[in-house]
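A short write-up of the structure that comes next.
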There are 2 protein chains.
Amino acid sequence: MTDIQKYMHDVGRRARAASRQLGTAATAVKNVALLAMAESVEAQAAALLAANRQDMEAGAQAGLDEALLDRLALNPERVAAMAEGLRQIAALPDPVGTITDLNYRPSGIQVGKMRVPLGVIGIIYEARPNVTADAAGLCLKSGNATVLRGGSEAIRSNQAIAGCIHAGLEQAGLPLDAVQVVETTDRAAVGELIRMKDYVDVIVPRGGKGLIERVSAEALVPVIKHLHGNCHVYLDDKADAEKAIAIAYNAKTQRYGTCNTMETLLVAEGIAAQVLPRLGKMYAEQGVELRGCERAREILSGIKAAEAEDWHTEYLAPILAIRVVADLDAAIDHISRCGSQHTEAIVTEDYTRARRFLREVDSSSVMVNASTRFADGFEYGLGAEIGISTDKIHARGPVGLEGLTSQKYIVLGDGQVRG
Amino acid sequence: MTDIQKYMHDVGRRARAASRQLGTAATAVKNVALLAMAESVEAQAAALLAANRQDMEAGAQAGLDEALLDRLALNPERVAAMAEGLRQIAALPDPVGTITDLNYRPSGIQVGKMRVPLGVIGIIYEARPNVTADAAGLCLKSGNATVLRGGSEAIRSNQAIAGCIHAGLEQAGLPLDAVQVVETTDRAAVGELIRMKDYVDVIVPRGGKGLIERVSAEALVPVIKHLHGNCHVYLDDKADAEKAIAIAYNAKTQRYGTCNTMETLLVAEGIAAQVLPRLGKMYAEQGVELRGCERAREILSGIKAAEAEDWHTEYLAPILAIRVVADLDAAIDHISRCGSQHTEAIVTEDYTRARRFLREVDSSSVMVNASTRFADGFEYGLGAEIGISTDKIHARGPVGLEGLTSQKYIVLGDGQVRG
């Protein structure tokens, strides 16, 4: 065993031990910890900002790009948002222990399901130090111990935040090992974390595609993740044109860099000539580059031709692929071939087509007459999310407290035996 | 690409295509297929038995052991049970498309969850040909395409059963690729199946520990499995002695080879002298070998001493480890150190201890005053099970139709956009 292996196994062992205590911790105790963490973040704001300044300076010297430095930066507003996030998590209902479907069986036993924590969650993330507080808070509320492995560029910020988290745990009488921030920046630590099946129950990678691909390829521990967000809006020929234009505009332009932003617009032939010219102008005003199929380019003259790979691309930028399709079937077919199973929306007033789209499109979120930008934990009422899953097992879509839990069976009897 | 790789990728591609049709197939159509399969199994009974005789003869010549040959054997009763199983699956409610938790959000959108198939399920199993019909039936009802890889010793039986399944699919107008039995006995096919992430959504291995360990170690596709069933019953000193004796006797002796059979009996000090002598006699009458801790051996003179490894052993045989413990805390501690998170039961009349045991024991099934032998899909009301999961994510305990599905988010709006 290398030193890193020994260190990580020790972290894992301590996380597992803490998870046993955390799994049965009372809701009130967890909330005391979360509120105390929020207070500590506020009280230590100056120290957090100072630690972050050191990270920023080291990052600038190391030549990190502007976007990365922006994600790394803390300021008084971001620190306040971290504290507020912890308070919001404290206010969410505790999913742990909820019993559902408790029914009597012919044998006389009662069988139901109890919601229980997963155990130990490993979070692997980059740059953004606020993930340290958000993820620790969500995992704590759902009764899980957490091992946090942030980017090396944020190590001082993350350790300062960890100090606040530990202050909160201490005040509530919870084990400090419930939230551990990995202290080494050695990348071998990540390799260990994602392989320690005995100590870690699930890995949540948050960050760029490179990170997520690497983690999923090498992990032996199950991973909750989303890789791509190639989201579609389909404007049906039975759509209300005003709704169609409003949604297609919002889904692309409300924010460009988010995973639930529309990347390809599908338009039914029967409505294309009516909506595309107006949409074309609105996108142009926002500086959105359009790349169209042949038919789209006949309507929107002067736009670029879409290449085959455009239909598969998550731009995360002011670029939009536009394709005119014959009908709903062609739209669903395009989505099933080119989509990433993240979020797709139809705009239509047709009842049967809406119903078909909801059933037949196999994505983590499927919408009728709403912007794809709604696909997130806050908008869905989960309170906060640890991430969005485009996997098919365990959890799909925004993953909140419930996604960090599982259900065990409980059986209540009066001495029943099996005959 | 080797020939096996090409073959398996072709199987996978066809399964993926069939899963798209199956995912939206109407309940009535799936039921027509299941009932037609049952009829075909009955009509083809003679042919199935003939194919099975060939497998049995080849198996005997190859020197397969008695237990394996017994699992491999079909007879008229087992064939009838296969048909009956398919009819029972047809009678179960269809989970696909069920919408729950559809609520209005402050933005005006309605957000809910729709239950959807996982997609393509790979089943890897040994000997028992009835798994071919059971697994295909459960996967079909839950809207999933199936790739079945049985043991080479059962290849003729499995292909004969596959013929009946295809007859049923054909009669219902469903694609034959919805259920594919892998035609090669080359073991490389398993290696491909568990790595084809693009074509297979989940793997369910059924069989001995060797198979399950191999599959889990090498799979890139998520696996639903249970490895060990080291189940415990804890007789609390506040137990009703009659219930304690009945449950401890039933949990061990009702069947020895099942995963939910008790393997270690934990007895509180305060009740040991009252219940162990009677239990010892009852076990002795059944020929159950007892291996006790020091204290247990003082009460049950003449029994073997338990070694350290006995506490971790799933005997699957008429052998039982017995340990006298101080109290509930010691019992829970023993279970958390030695258990396999499968099924544990407490026998007690004490309300608070029952409540603590339910909450604190982290197993897929946790019981009060009932025999561990109840931990199965039929007894729980799932109708049938594809297996039992001791994993923590996605599904724990008996996995029925619901465990073969997932939930996607659906959003219904009136043109809402995000502000």
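Please note that chains go A, B, ... in the order of the structure tokens, that every chain numbers its residues from 1, and that ligands are numbered from 1 in the order shown.
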Mind checking DSSP for segment 95-331 of chain B and telling me the alpha helix (DSSP H) residues as a PyMOL selection string?
-> chain B and resi 130-141+155-172+188-193+209-218+241-253+269-285+294-299+328-331
Test item, strand (DSSP E or B) assignment across segment 226-416 of chain A, answer as a PyMOL selection string | chain A and resi 231-235+262-268+289-292+304-305+319-325+343-347+365-370+387-389+397-399+405-416
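Using only C-alpha atoms, the nearest neighbour of chain B within the list A:Thr2, A:Gln341, A:Asn260, A:Gln407 is A:Gln407.
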Could you give me, as a ChimeraX atom specification, the residues within 12 Å of Val131 of chain B, counting only C-alpha atoms and dropping anything in the same chain fewer than 6 positions from it?
-> /B:71-72,74,78-79,81-83,85-86,123-125,137-139,148-151,154,157-158,161-162,181,204-207,384-387
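All residues of protein, DNA or RNA that reach within 12 Å of Ala67 of chain A, judged by only C-alpha atoms and not counting those fewer than 4 positions away in the chain, are Gly59, Ala60, Gly63, Arg71, Leu72, Ala73, Ala127, Arg128 and Gly257 of chain A.
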